[in-house]
$ cat coords-v1.cif   # mmCIF, C-alpha atoms and all ligand atoms
data_model
loop_
_atom_site.label_atom_id
_atom_site.label_comp_id
_atom_site.auth_asym_id
_atom_site.auth_seq_id
_atom_site.Cartn_x
_atom_site.Cartn_y
_atom_site.Cartn_z
CA VAL A 1 79.52 71.74 118.40
CA ALA A 2 82.41 70.04 116.62
CA LYS A 3 82.33 69.92 112.82
CA ARG A 4 81.91 66.17 112.80
CA LEU A 5 78.48 66.60 114.43
CA GLU A 6 77.43 69.91 112.91
CA LYS A 7 74.92 68.52 110.45
CA PHE A 8 73.08 66.38 113.01
CA LYS A 9 69.98 67.62 114.80
CA THR A 10 68.30 66.46 118.01
CA THR A 11 67.43 62.82 117.29
CA ILE A 12 64.03 62.33 115.73
CA PHE A 13 63.03 59.99 118.57
CA THR A 14 63.67 62.65 121.19
CA GLN A 15 61.84 65.26 119.09
CA MET A 16 58.81 63.08 118.51
CA SER A 17 58.51 61.77 122.07
CA SER A 18 58.55 65.28 123.49
CA LEU A 19 55.90 66.39 120.97
CA ALA A 20 53.82 63.37 122.02
CA ILE A 21 53.90 64.58 125.62
CA LYS A 22 53.26 68.20 124.67
CA HIS A 23 50.18 67.39 122.57
CA GLY A 24 48.90 64.46 124.62
CA ALA A 25 49.25 62.30 121.51
CA ILE A 26 49.43 58.51 121.45
CA ASN A 27 53.07 57.65 120.88
CA LEU A 28 53.55 55.09 118.11
CA GLY A 29 56.84 56.79 117.27
CA GLN A 30 59.92 56.00 119.37
CA GLY A 31 60.31 52.25 119.71
CA PHE A 32 59.90 51.56 123.41
CA PRO A 33 57.28 49.26 124.92
CA ASN A 34 54.62 50.86 127.12
CA PHE A 35 54.56 47.66 129.16
CA ASP A 36 57.22 46.35 131.48
CA GLY A 37 59.83 43.62 131.15
CA PRO A 38 59.41 40.24 132.89
CA ASP A 39 59.40 40.03 136.70
CA PHE A 40 62.13 37.40 136.90
CA VAL A 41 64.55 39.78 135.22
CA LYS A 42 63.61 42.76 137.37
CA GLU A 43 63.94 40.60 140.48
CA ALA A 44 67.40 39.44 139.38
CA ALA A 45 68.44 43.10 139.13
CA ILE A 46 67.12 43.90 142.61
CA GLN A 47 68.86 40.83 144.00
CA ALA A 48 72.16 41.78 142.38
CA ILE A 49 71.95 45.27 143.93
CA LYS A 50 71.14 43.78 147.34
CA ASP A 51 74.00 41.30 146.97
CA GLY A 52 76.40 44.20 146.65
CA LYS A 53 77.18 43.83 142.95
CA ASN A 54 77.51 47.57 142.69
CA GLN A 55 81.11 48.45 141.85
CA TYR A 56 82.74 48.66 138.41
CA ALA A 57 82.25 45.55 136.37
CA ARG A 58 85.06 43.89 134.49
CA GLY A 59 85.55 46.11 131.44
CA TYR A 60 84.41 43.65 128.79
CA GLY A 61 81.54 42.22 130.83
CA VAL A 62 80.81 40.30 134.04
CA PRO A 63 81.89 36.69 133.39
CA ASP A 64 78.40 35.25 133.87
CA LEU A 65 76.92 37.57 131.24
CA ASN A 66 79.69 36.88 128.72
CA SER A 67 78.91 33.18 129.18
CA ALA A 68 75.14 33.65 128.90
CA ILE A 69 75.63 35.62 125.66
CA ALA A 70 77.84 32.87 124.23
CA GLU A 71 75.28 30.20 125.22
CA ARG A 72 72.45 32.14 123.63
CA PHE A 73 74.48 32.69 120.44
CA LYS A 74 75.20 28.97 120.21
CA LYS A 75 71.49 28.17 120.57
CA ASP A 76 70.58 30.72 117.93
CA THR A 77 73.31 30.18 115.36
CA GLY A 78 75.15 26.96 116.20
CA LEU A 79 78.39 28.94 116.53
CA VAL A 80 80.59 28.27 119.52
CA VAL A 81 82.30 31.45 120.68
CA ASP A 82 84.76 32.03 123.51
CA PRO A 83 83.00 34.23 126.09
CA GLU A 84 86.37 35.54 127.30
CA LYS A 85 87.88 36.43 123.95
CA GLU A 86 84.99 36.99 121.58
CA VAL A 87 82.21 38.68 123.57
CA THR A 88 82.23 42.32 124.73
CA VAL A 89 79.43 43.79 126.84
CA THR A 90 78.56 47.43 126.16
CA SER A 91 76.08 50.07 127.31
CA GLY A 92 73.39 49.23 124.78
CA CYS A 93 73.82 48.23 121.17
CA THR A 94 74.32 51.88 120.24
CA GLU A 95 77.59 51.80 122.18
CA ALA A 96 78.49 48.43 120.66
CA ILE A 97 78.05 49.98 117.21
CA ALA A 98 80.13 53.01 118.19
CA ALA A 99 82.90 50.89 119.76
CA THR A 100 82.98 48.71 116.65
CA ILE A 101 83.22 51.64 114.28
CA LEU A 102 85.67 53.68 116.38
CA GLY A 103 87.75 50.59 117.16
CA LEU A 104 87.99 49.19 113.64
CA ILE A 105 87.53 51.98 111.11
CA ASN A 106 90.23 54.45 110.10
CA PRO A 107 89.50 57.97 108.85
CA GLY A 108 88.88 57.78 105.12
CA ASP A 109 87.83 54.10 105.14
CA GLU A 110 84.65 53.51 103.19
CA VAL A 111 81.71 51.92 104.99
CA ILE A 112 78.57 50.83 103.14
CA VAL A 113 75.15 51.34 104.75
CA PHE A 114 71.63 50.57 103.52
CA ALA A 115 69.18 53.46 103.58
CA PRO A 116 66.88 53.89 105.34
CA PHE A 117 69.31 53.35 108.24
CA TYR A 118 69.14 53.82 112.00
CA ASP A 119 70.16 57.38 112.76
CA SER A 120 73.17 56.63 114.96
CA TYR A 121 75.00 54.95 112.07
CA GLU A 122 75.64 58.10 110.11
CA ALA A 123 76.58 60.19 113.17
CA THR A 124 78.96 57.54 114.50
CA LEU A 125 80.57 56.97 111.11
CA SER A 126 81.02 60.72 110.91
CA MET A 127 82.69 60.78 114.36
CA ALA A 128 85.10 58.11 113.12
CA GLY A 129 85.89 60.09 109.96
CA ALA A 130 84.62 57.26 107.77
CA LYS A 131 83.39 57.82 104.25
CA ILE A 132 79.77 56.72 103.96
CA LYS A 133 78.64 54.84 100.86
CA CYS A 134 74.93 54.32 100.69
CA ILE A 135 72.58 51.94 98.91
CA THR A 136 68.86 52.61 99.06
CA LEU A 137 66.36 49.84 99.74
CA LYS A 138 63.16 50.69 97.89
CA PRO A 139 59.53 49.88 98.57
CA PRO A 140 57.53 47.70 98.26
CA ASN A 141 60.01 44.93 99.16
CA PHE A 142 63.08 46.87 100.26
CA SER A 143 65.21 44.13 98.69
CA ILE A 144 68.94 44.58 98.26
CA PRO A 145 70.01 45.79 94.81
CA ILE A 146 73.00 43.47 94.62
CA ASP A 147 74.42 44.86 91.37
CA GLU A 148 74.35 48.36 92.76
CA LEU A 149 76.00 47.10 95.93
CA LYS A 150 78.76 45.47 93.89
CA SER A 151 79.26 48.65 91.93
CA ILE A 152 80.03 50.81 94.97
CA VAL A 153 82.63 48.45 96.42
CA SER A 154 86.13 49.86 95.98
CA LYS A 155 89.60 49.04 97.26
CA ASN A 156 88.90 51.41 100.16
CA THR A 157 85.74 49.59 101.30
CA ARG A 158 86.44 48.39 104.80
CA ALA A 159 83.01 47.30 106.04
CA ILE A 160 79.30 46.88 105.42
CA LEU A 161 77.12 48.03 108.31
CA MET A 162 73.83 46.19 108.05
CA ASN A 163 70.71 45.60 110.10
CA THR A 164 68.35 42.63 109.97
CA PRO A 165 65.48 42.57 110.91
CA HIS A 166 65.65 46.10 109.60
CA ASN A 167 64.60 49.30 111.36
CA PRO A 168 62.52 51.13 110.09
CA THR A 169 61.16 48.89 107.28
CA GLY A 170 60.79 45.51 109.00
CA LYS A 171 62.61 43.92 106.09
CA MET A 172 64.58 40.77 106.87
CA PHE A 173 67.59 39.90 104.75
CA THR A 174 66.90 36.62 102.93
CA ALA A 175 69.29 33.65 102.77
CA GLU A 176 69.89 34.52 99.12
CA GLU A 177 70.75 38.15 99.87
CA LEU A 178 73.01 37.17 102.76
CA GLY A 179 74.74 34.64 100.49
CA LYS A 180 75.45 37.36 97.95
CA ILE A 181 76.77 39.75 100.59
CA THR A 182 78.96 36.93 101.87
CA SER A 183 80.56 36.29 98.47
CA LEU A 184 81.12 39.99 97.96
CA CYS A 185 82.79 40.38 101.37
CA ILE A 186 85.03 37.36 100.95
CA GLU A 187 86.09 38.33 97.42
CA ASN A 188 86.88 41.90 98.45
CA ASP A 189 88.08 41.36 102.01
CA ILE A 190 85.29 43.41 103.59
CA LEU A 191 84.12 43.24 107.21
CA VAL A 192 80.45 43.05 108.21
CA PHE A 193 78.98 44.83 111.21
CA SER A 194 75.58 43.23 111.68
CA ASP A 195 73.06 44.91 113.95
CA GLU A 196 70.60 42.19 114.97
CA VAL A 197 68.78 43.77 117.91
CA TYR A 198 65.38 42.71 116.54
CA ASP A 199 66.39 39.08 115.93
CA LYS A 200 63.81 37.71 118.37
CA LEU A 201 61.07 39.73 116.70
CA SER A 202 61.09 37.85 113.41
CA PHE A 203 57.60 36.95 112.31
CA GLU A 204 57.42 36.01 108.65
CA MET A 205 60.73 34.15 108.27
CA ASP A 206 63.61 32.82 110.32
CA HIS A 207 66.35 35.23 111.27
CA ILE A 208 69.79 34.34 109.90
CA SER A 209 72.97 35.72 111.47
CA ILE A 210 75.42 36.41 108.68
CA ALA A 211 78.26 35.33 111.03
CA SER A 212 76.96 31.75 110.71
CA LEU A 213 77.51 31.59 106.92
CA PRO A 214 80.67 29.79 105.77
CA GLY A 215 83.73 32.02 105.86
CA MET A 216 81.96 34.87 107.62
CA PHE A 217 82.60 34.49 111.34
CA ASP A 218 86.16 35.67 110.95
CA ARG A 219 85.08 38.93 109.34
CA THR A 220 81.83 39.67 111.19
CA VAL A 221 80.89 41.65 114.28
CA THR A 222 77.43 40.57 115.47
CA LEU A 223 75.75 43.30 117.50
CA ASN A 224 72.80 42.75 119.77
CA SER A 225 71.13 43.86 122.97
CA LEU A 226 68.68 43.03 125.71
CA GLY A 227 66.23 45.90 125.30
CA LYS A 228 63.86 44.75 122.58
CA THR A 229 63.74 41.08 123.53
CA PHE A 230 63.01 41.78 127.19
CA SER A 231 61.04 45.05 126.90
CA LEU A 232 63.72 46.82 128.96
CA THR A 233 64.99 49.46 126.53
CA GLY A 234 66.11 51.70 129.40
CA TRP A 235 68.60 49.18 130.75
CA LYS A 236 71.06 49.76 127.94
CA ILE A 237 72.80 46.40 127.91
CA GLY A 238 74.31 45.48 124.56
CA TRP A 239 77.15 43.38 123.21
CA ALA A 240 79.43 42.66 120.30
CA ILE A 241 80.46 39.15 119.28
CA ALA A 242 83.53 38.97 117.05
CA PRO A 243 86.70 36.94 116.51
CA PRO A 244 89.61 37.95 118.78
CA HIS A 245 91.40 40.05 116.14
CA LEU A 246 88.30 42.28 115.80
CA THR A 247 87.33 42.09 119.47
CA TRP A 248 90.63 43.73 120.39
CA GLY A 249 89.76 46.96 118.56
CA ILE A 250 86.19 46.94 119.86
CA ARG A 251 87.40 46.52 123.46
CA GLN A 252 89.97 49.27 123.10
CA ALA A 253 87.28 51.71 121.99
CA HIS A 254 84.85 50.48 124.65
CA SER A 255 87.50 50.87 127.39
CA TYR A 256 87.89 54.54 126.65
CA LEU A 257 84.28 55.31 125.79
CA THR A 258 82.51 53.94 128.86
CA PHE A 259 85.08 51.58 130.44
CA ALA A 260 82.38 49.23 131.78
CA THR A 261 78.61 48.76 131.86
CA SER A 262 76.23 48.79 134.86
CA THR A 263 77.16 45.83 137.07
CA PRO A 264 73.81 44.79 138.61
CA MET A 265 72.02 45.08 135.28
CA GLN A 266 74.59 42.78 133.71
CA HIS A 267 73.85 40.12 136.31
CA ALA A 268 70.14 40.47 135.59
CA ALA A 269 70.82 40.33 131.85
CA ALA A 270 72.54 36.97 132.33
CA ALA A 271 69.40 35.66 134.03
CA ALA A 272 67.25 37.07 131.22
CA LEU A 273 69.23 35.41 128.46
CA ARG A 274 68.78 32.04 130.13
CA ALA A 275 64.98 32.36 129.81
CA PRO A 276 63.30 29.16 128.62
CA ASP A 277 62.22 28.89 124.97
CA SER A 278 58.64 29.45 126.09
CA TYR A 279 59.52 33.07 126.92
CA TYR A 280 60.59 33.74 123.35
CA ASP A 281 57.55 31.91 121.93
CA GLU A 282 55.21 33.98 124.03
CA LEU A 283 56.96 37.20 123.08
CA LYS A 284 56.43 36.41 119.41
CA ARG A 285 52.82 35.41 119.96
CA ASP A 286 52.07 38.66 121.78
CA TYR A 287 53.77 40.74 119.16
CA ASN A 288 52.00 38.92 116.33
CA ALA A 289 48.67 39.92 117.87
CA LYS A 290 49.77 43.54 118.28
CA LYS A 291 51.10 43.63 114.76
CA ALA A 292 47.79 42.38 113.36
CA ILE A 293 45.87 45.10 115.20
CA LEU A 294 48.12 47.86 113.90
CA VAL A 295 48.54 46.58 110.34
CA ASP A 296 44.82 45.87 109.84
CA GLY A 297 44.00 49.18 111.49
CA LEU A 298 46.36 51.19 109.28
CA LYS A 299 44.94 49.49 106.18
CA SER A 300 41.40 50.31 107.25
CA VAL A 301 42.41 53.94 107.78
CA GLY A 302 43.53 54.01 104.12
CA PHE A 303 47.32 53.77 104.25
CA ARG A 304 49.34 51.64 101.91
CA VAL A 305 51.12 49.40 104.42
CA TYR A 306 54.37 47.79 103.30
CA PRO A 307 55.02 44.23 104.42
CA SER A 308 57.13 43.97 107.58
CA SER A 309 58.71 40.58 108.35
CA GLY A 310 60.42 41.48 111.61
CA THR A 311 61.04 44.25 114.21
CA TYR A 312 58.18 46.02 115.94
CA PHE A 313 57.81 48.58 113.14
CA VAL A 314 55.77 48.98 109.97
CA VAL A 315 56.29 51.55 107.28
CA VAL A 316 53.37 53.06 105.37
CA ASP A 317 52.88 55.39 102.43
CA HIS A 318 51.04 58.46 103.74
CA THR A 319 50.42 60.10 100.35
CA PRO A 320 46.71 59.15 100.12
CA PHE A 321 46.15 61.89 102.74
CA GLY A 322 47.59 64.65 100.59
CA LEU A 323 50.29 66.18 102.82
CA GLU A 324 53.44 67.35 101.11
CA ASN A 325 56.00 65.14 102.82
CA ASP A 326 56.66 62.82 105.78
CA ILE A 327 57.50 65.67 108.17
CA ALA A 328 54.35 67.63 107.31
CA PHE A 329 52.30 64.46 107.63
CA CYS A 330 53.73 63.63 111.07
CA GLU A 331 53.12 67.18 112.28
CA TYR A 332 49.52 67.02 111.11
CA LEU A 333 49.10 63.60 112.70
CA ILE A 334 50.32 64.86 116.07
CA LYS A 335 48.46 68.14 116.15
CA GLU A 336 45.18 67.28 114.43
CA VAL A 337 44.82 63.57 115.07
CA GLY A 338 46.75 62.99 118.29
CA VAL A 339 49.01 60.19 117.12
CA VAL A 340 52.80 60.15 116.79
CA ALA A 341 54.69 58.38 114.00
CA ILE A 342 58.28 58.76 112.84
CA PRO A 343 59.05 60.52 109.54
CA THR A 344 61.53 58.34 107.67
CA SER A 345 63.41 61.02 105.71
CA VAL A 346 65.87 61.33 108.60
CA PHE A 347 67.01 57.76 107.85
CA TYR A 348 68.30 58.60 104.37
CA LEU A 349 71.41 60.42 103.15
CA ASN A 350 69.09 62.05 100.64
CA PRO A 351 65.94 62.96 102.67
CA GLU A 352 63.85 63.18 99.46
CA GLU A 353 63.92 59.40 99.24
CA GLY A 354 61.94 59.04 102.45
CA LYS A 355 59.36 61.74 101.91
CA ASN A 356 56.42 59.40 101.25
CA LEU A 357 57.07 57.04 104.14
CA VAL A 358 56.36 57.13 107.84
CA ARG A 359 57.02 54.49 110.50
CA PHE A 360 54.64 53.26 113.18
CA THR A 361 55.55 50.97 116.07
CA PHE A 362 53.35 48.27 117.57
CA CYS A 363 55.32 47.81 120.82
CA LYS A 364 52.34 49.15 122.79
CA ASP A 365 49.48 47.44 124.63
CA GLU A 366 46.52 46.45 122.49
CA GLY A 367 44.23 49.14 123.91
CA THR A 368 46.71 51.86 122.93
CA LEU A 369 47.05 50.47 119.42
CA ARG A 370 43.26 50.33 119.02
CA SER A 371 42.80 53.89 120.29
CA ALA A 372 45.43 55.18 117.88
CA VAL A 373 43.66 53.46 114.99
CA GLU A 374 40.31 54.88 116.13
CA ARG A 375 41.72 58.41 116.25
CA MET A 376 43.12 58.06 112.74
CA LYS A 377 39.86 56.61 111.39
CA GLU A 378 37.93 59.52 112.83
CA LYS A 379 40.21 62.40 111.99
CA LEU A 380 42.37 61.59 108.99
N1 LIG A 401 65.60 52.28 118.45
C1 LIG A 401 64.45 53.06 118.78
C2 LIG A 401 63.64 53.37 117.56
O1 LIG A 401 64.07 53.16 116.47
C3 LIG A 401 64.77 54.41 119.38
C4 LIG A 401 66.03 54.56 120.15
C5 LIG A 401 66.28 56.01 120.45
O2 LIG A 401 65.38 56.71 120.87
N2 LIG A 401 67.45 56.48 120.18
O3 LIG A 401 62.57 53.87 117.69
#
$ encode --input "coords-v1.cif" --output "structure tokens" --more "lines below"
Ligand code: GLN
Amino acid sequence: VAKRLEKFKTTIFTQMSSLAIKHGAINLGQGFPNFDGPDFVKEAAIQAIKDGKNQYARGYGVPDLNSAIAERFKKDTGLVVDPEKEVTVTSGCTEAIAATILGLINPGDEVIVFAPFYDSYEATLSMAGAKIKCITLKPPNFSIPIDELKSIVSKNTRAILMNTPHNPTGKMFTAEELGKITSLCIENDILVFSDEVYDKLSFEMDHISIASLPGMFDRTVTLNSLGKTFSLTGWKIGWAIAPPHLTWGIRQAHSYLTFATSTPMQHAAAAALRAPDSYYDELKRDYNAKKAILVDGLKSVGFRVYPSSGTYFVVVDHTPFGLENDIAFCEYLIKEVGVVAIPTSVFYLNPEEGKNLVRFTFCKDEGTLRSAVERMKEKL
């Protein structure tokens, strides 16, 4: 393996999902729903295949999807973007993140991330030769230490890569925090790459796209996808919204990474994004119920559960159960209890910082969530 990837192991999600299968454990680890996406979206995909929409798509997205993304973005943020010049469709948000980093970051540029961070960030920054600067968000609130953030900005800082609602903690960046990041970026000419794939799963407060704050659109890449909102994580449809001067770099990287994304799925994605508001309301209602089952259950088992405002994840402190760290706890949980969670130490530059925390997901049917809680109550 090339040096730039030497330090990375098999992703934790792959590791944990295969252990779940091996031990017959209930998988509250990898974030994928165990229920299916809506029929109208699946039917749109079947129709597109039958209609012969099966050859290469236009590189930066089929026109109807670019338009549907722009319409959705306007509804969500009030921003009017040009679907032809400011929207790029990618194979999942993970590719959008990679195309953004590879298309806009030079070797040696500094990029700031907030730990715990999604695992692809570090690997992709490493592939681009970027220098990672890291700020840690600490429990119980995981709020942004603004002074510390200011102190690591240098003349080489090119971008901040952020994520709200935040995986794994469920933290949502507040208007005040986003305002402070905005001032910092404008004063120091820093770009923002904002991963917002959980934007429709915001429960305790309203999601704010940093691109919509004054002065920010011109320096922001907003990254999103279909998977979480439509319970279709295997479709791998993502996108990047950015002003033309940034879109150019993103599209150049995308052209040579994957060239184009699955054509029929893009047509179906356009239909999905035009879902009525009631779809999104129902999604939130369903997830609120699931979240209550898991959070109340974890509390009754004896975990300290940290507040999660968005995403379909919650983070807990496992130390009441006496295992030495998050990895040991997750191993015990799989083998002795039959439940899978994700150890969070893999989401930190310094793994020590995550040793007390594990992540559970509630993107599972209510019966599964209840059984997992029952197993933990019995055996932990
Ligand atoms: N985003 C999902 C999670 O955090 C996992 C995606 C993956 O398996 N790479 O659980």
$ axis_aligned_box --input "coords-v1.cif" --around "ligand LIG 401 (chain A)" --padding-each-side "5 Å" --output "JSON"
{"center_x": 65.0, "center_y": 54.5, "center_z": 118.7, "size_x": 14.9, "size_y": 14.4, "size_z": 14.4}
$ atom_distance --input "coords-v1.cif" --atom1 "CA of Gly367 (chain A)" --atom2 "CA of Leu28 (chain A)"
12.5 Å
$ closest_residue --input "coords-v1.cif" --among "A:Thr90, A:Asn156, A:Ser309, A:Thr10" --to "Phe142 (chain A)" --atoms "all atoms listed in the file"
A:Ser309
$ residues_around --input "coords-v1.cif" --residues "Asp277 (chain A)" --least-positions-apart "6" --cutoff "12 Å" --atoms "all atoms listed in the file" --output "list of chain:residue names"
A:Arg72, A:Lys75, A:Asp76, A:Lys200, A:Leu283, A:Lys284
$ residues_around --input "coords-v1.cif" --residues "Arg158 (chain A)" --least-positions-apart "2" --cutoff "8 Å" --atoms "only C-alpha atoms" --output "list in words"
Ile105, Asp109, Glu110, Val111, Asn156, Ile160, Asp189, Ile190 and Leu191 of chain A
$ write_last_selection --input "coords-v1.cif" --atoms "C-alpha atoms" --output "mmCIF file, in the frame of the given file"
data_model
loop_
_atom_site.group_PDB
_atom_site.id
_atom_site.type_symbol
_atom_site.label_atom_id
_atom_site.label_comp_id
_atom_site.auth_asym_id
_atom_site.auth_seq_id
_atom_site.Cartn_x
_atom_site.Cartn_y
_atom_site.Cartn_z
ATOM 1 C CA ILE A 105 87.530 51.980 111.110
ATOM 2 C CA ASP A 109 87.830 54.100 105.140
ATOM 3 C CA GLU A 110 84.650 53.510 103.190
ATOM 4 C CA VAL A 111 81.710 51.920 104.990
ATOM 5 C CA ASN A 156 88.900 51.410 100.160
ATOM 6 C CA ILE A 160 79.300 46.880 105.420
ATOM 7 C CA ASP A 189 88.080 41.360 102.010
ATOM 8 C CA ILE A 190 85.290 43.410 103.590
ATOM 9 C CA LEU A 191 84.120 43.240 107.210
#
$ atom_distance --input "coords-v1.cif" --atom1 "CA of Tyr60 (chain A)" --atom2 "CA of Ala270 (chain A)"
14.1 Å
$ closest_atom_pairs --input "coords-v1.cif" --of "chain A" --to "ligand LIG 401 (chain A)" --cutoff "7 Å" --atoms "only C-alpha atoms and all ligand atoms" --output "JSON lines"
{"residue": "A:Thr11", "atom": "CA", "partner": "A:LIG401", "partner_atom": "N2", "distance": 7.0}
{"residue": "A:Phe13", "atom": "CA", "partner": "A:LIG401", "partner_atom": "O2", "distance": 4.6}
{"residue": "A:Thr14", "atom": "CA", "partner": "A:LIG401", "partner_atom": "O2", "distance": 6.2}
{"residue": "A:Gly29", "atom": "CA", "partner": "A:LIG401", "partner_atom": "O3", "distance": 6.4}
{"residue": "A:Gln30", "atom": "CA", "partner": "A:LIG401", "partner_atom": "O3", "distance": 3.8}
{"residue": "A:Gly31", "atom": "CA", "partner": "A:LIG401", "partner_atom": "O3", "distance": 3.4}
{"residue": "A:Phe32", "atom": "CA", "partner": "A:LIG401", "partner_atom": "C1", "distance": 6.7}
{"residue": "A:Tyr118", "atom": "CA", "partner": "A:LIG401", "partner_atom": "O1", "distance": 6.8}
{"residue": "A:Asn167", "atom": "CA", "partner": "A:LIG401", "partner_atom": "O1", "distance": 6.4}
{"residue": "A:Pro168", "atom": "CA", "partner": "A:LIG401", "partner_atom": "O1", "distance": 6.9}
$ residues_around --input "coords-v1.cif" --residues "Ala96 (chain A)" --least-positions-apart "4" --cutoff "9 Å" --atoms "only C-alpha atoms" --output "number ranges by chain"
A: 88-92, 100-101, 223-225, 238-240, 250, 254
$ write_last_selection --input "coords-v1.cif" --atoms "C-alpha atoms" --output "PDB file, in the frame of the given file"
ATOM      1  CA  THR A  88      82.230  42.320 124.730  1.00  0.00           C
ATOM      2  CA  VAL A  89      79.430  43.790 126.840  1.00  0.00           C
ATOM      3  CA  THR A  90      78.560  47.430 126.160  1.00  0.00           C
ATOM      4  CA  SER A  91      76.080  50.070 127.310  1.00  0.00           C
ATOM      5  CA  GLY A  92      73.390  49.230 124.780  1.00  0.00           C
ATOM      6  CA  THR A 100      82.980  48.710 116.650  1.00  0.00           C
ATOM      7  CA  ILE A 101      83.220  51.640 114.280  1.00  0.00           C
ATOM      8  CA  LEU A 223      75.750  43.300 117.500  1.00  0.00           C
ATOM      9  CA  ASN A 224      72.800  42.750 119.770  1.00  0.00           C
ATOM     10  CA  SER A 225      71.130  43.860 122.970  1.00  0.00           C
ATOM     11  CA  GLY A 238      74.310  45.480 124.560  1.00  0.00           C
ATOM     12  CA  TRP A 239      77.150  43.380 123.210  1.00  0.00           C
ATOM     13  CA  ALA A 240      79.430  42.660 120.300  1.00  0.00           C
ATOM     14  CA  ILE A 250      86.190  46.940 119.860  1.00  0.00           C
ATOM     15  CA  HIS A 254      84.850  50.480 124.650  1.00  0.00           C
TER      16      HIS A 254
END
$ atom_distance --input "coords-v1.cif" --atom1 "CA of Gly59 (chain A)" --atom2 "CA of Ala44 (chain A)"
20.9 Å
$ residues_around --input "coords-v1.cif" --residues "region 320-322 of chain A" --least-positions-apart "6" --cutoff "9 Å" --atoms "only C-alpha atoms" --output "list in words"
Gly302, Phe303, Arg304, Phe329 and Leu380 of chain A
$ closest_residue --input "coords-v1.cif" --among "A:Glu43, A:Glu204, A:Glu6, A:Asp286" --to "Cys363 (chain A)" --atoms "all atoms listed in the file"
A:Asp286
$ residues_around --input "coords-v1.cif" --residues "Ile186 (chain A)" --least-positions-apart "5" --cutoff "12 Å" --atoms "all atoms listed in the file" --output "PyMOL selection string"
chain A and resi 158-160+179-181+191-192+213-220
$ write_last_selection --input "coords-v1.cif" --atoms "C-alpha atoms" --output "PDB file, in the coordinates of the input"
ATOM      1  CA  ARG A 158      86.440  48.390 104.800  1.00  0.00           C
ATOM      2  CA  ALA A 159      83.010  47.300 106.040  1.00  0.00           C
ATOM      3  CA  ILE A 160      79.300  46.880 105.420  1.00  0.00           C
ATOM      4  CA  GLY A 179      74.740  34.640 100.490  1.00  0.00           C
ATOM      5  CA  LYS A 180      75.450  37.360  97.950  1.00  0.00           C
ATOM      6  CA  ILE A 181      76.770  39.750 100.590  1.00  0.00           C
ATOM      7  CA  LEU A 191      84.120  43.240 107.210  1.00  0.00           C
ATOM      8  CA  VAL A 192      80.450  43.050 108.210  1.00  0.00           C
ATOM      9  CA  LEU A 213      77.510  31.590 106.920  1.00  0.00           C
ATOM     10  CA  PRO A 214      80.670  29.790 105.770  1.00  0.00           C
ATOM     11  CA  GLY A 215      83.730  32.020 105.860  1.00  0.00           C
ATOM     12  CA  MET A 216      81.960  34.870 107.620  1.00  0.00           C
ATOM     13  CA  PHE A 217      82.600  34.490 111.340  1.00  0.00           C
ATOM     14  CA  ASP A 218      86.160  35.670 110.950  1.00  0.00           C
ATOM     15  CA  ARG A 219      85.080  38.930 109.340  1.00  0.00           C
ATOM     16  CA  THR A 220      81.830  39.670 111.190  1.00  0.00           C
TER      17      THR A 220
END
$ closest_residue --input "coords-v1.cif" --among "A:Leu246, A:Val153, A:Cys93, A:Ile112" --to "Gly227 (chain A)" --atoms "all atoms listed in the file"
A:Cys93
$ closest_residue --input "coords-v1.cif" --among "A:Glu366, A:Met127, A:Arg375, A:Thr169" --to "Gly338 (chain A)" --atoms "all atoms listed in the file"
A:Arg375
$ closest_residue --input "coords-v1.cif" --among "A:His166, A:Arg285, A:His245, A:Lys150" --to "Ser194 (chain A)" --atoms "only C-alpha atoms"
A:His166
$ closest_residue --input "coords-v1.cif" --among "A:Ser371, A:Asn27, A:Ser67, A:Thr164" --to "Val197 (chain A)" --atoms "all atoms listed in the file"
A:Thr164
$ residues_near_point --input "coords-v1.cif" --point "(72.7, 58.9, 103.4)" --cutoff "8 Å" --atoms "all atoms listed in the file" --output "MDAnalysis selection string"
chainID A and resid 115:116 122 132:134 347:351
$ decode --input "coords-v1.cif" --residues "region 134-154 of chain A" --atoms "C-alpha atoms" --output "compact mmCIF listing (two decimals), in the first residue's frame"
# COMPACT_ATOMS: atom_id res chain seq x y z
CA CYS A 134 -7.25 19.29 14.60
CA ILE A 135 -9.49 20.77 17.28
CA THR A 136 -11.20 18.43 19.71
CA LEU A 137 -14.85 18.83 20.63
CA LYS A 138 -15.28 17.65 24.21
CA PRO A 139 -18.21 16.12 26.06
CA PRO A 140 -20.74 16.86 27.43
CA ASN A 141 -21.66 19.54 24.86
CA PHE A 142 -19.03 19.09 22.17
CA SER A 143 -19.06 22.86 21.67
CA ILE A 144 -16.45 24.56 19.53
CA PRO A 145 -13.51 26.00 21.48
CA ILE A 146 -13.36 29.18 19.42
CA ASP A 147 -10.18 30.58 20.99
CA GLU A 148 -8.36 27.34 20.33
CA LEU A 149 -9.67 27.38 16.77
CA LYS A 150 -8.36 30.91 16.29
CA SER A 151 -5.01 29.93 17.69
CA ILE A 152 -4.36 27.20 15.11
CA VAL A 153 -5.16 29.36 12.10
CA SER A 154 -1.99 30.28 10.22
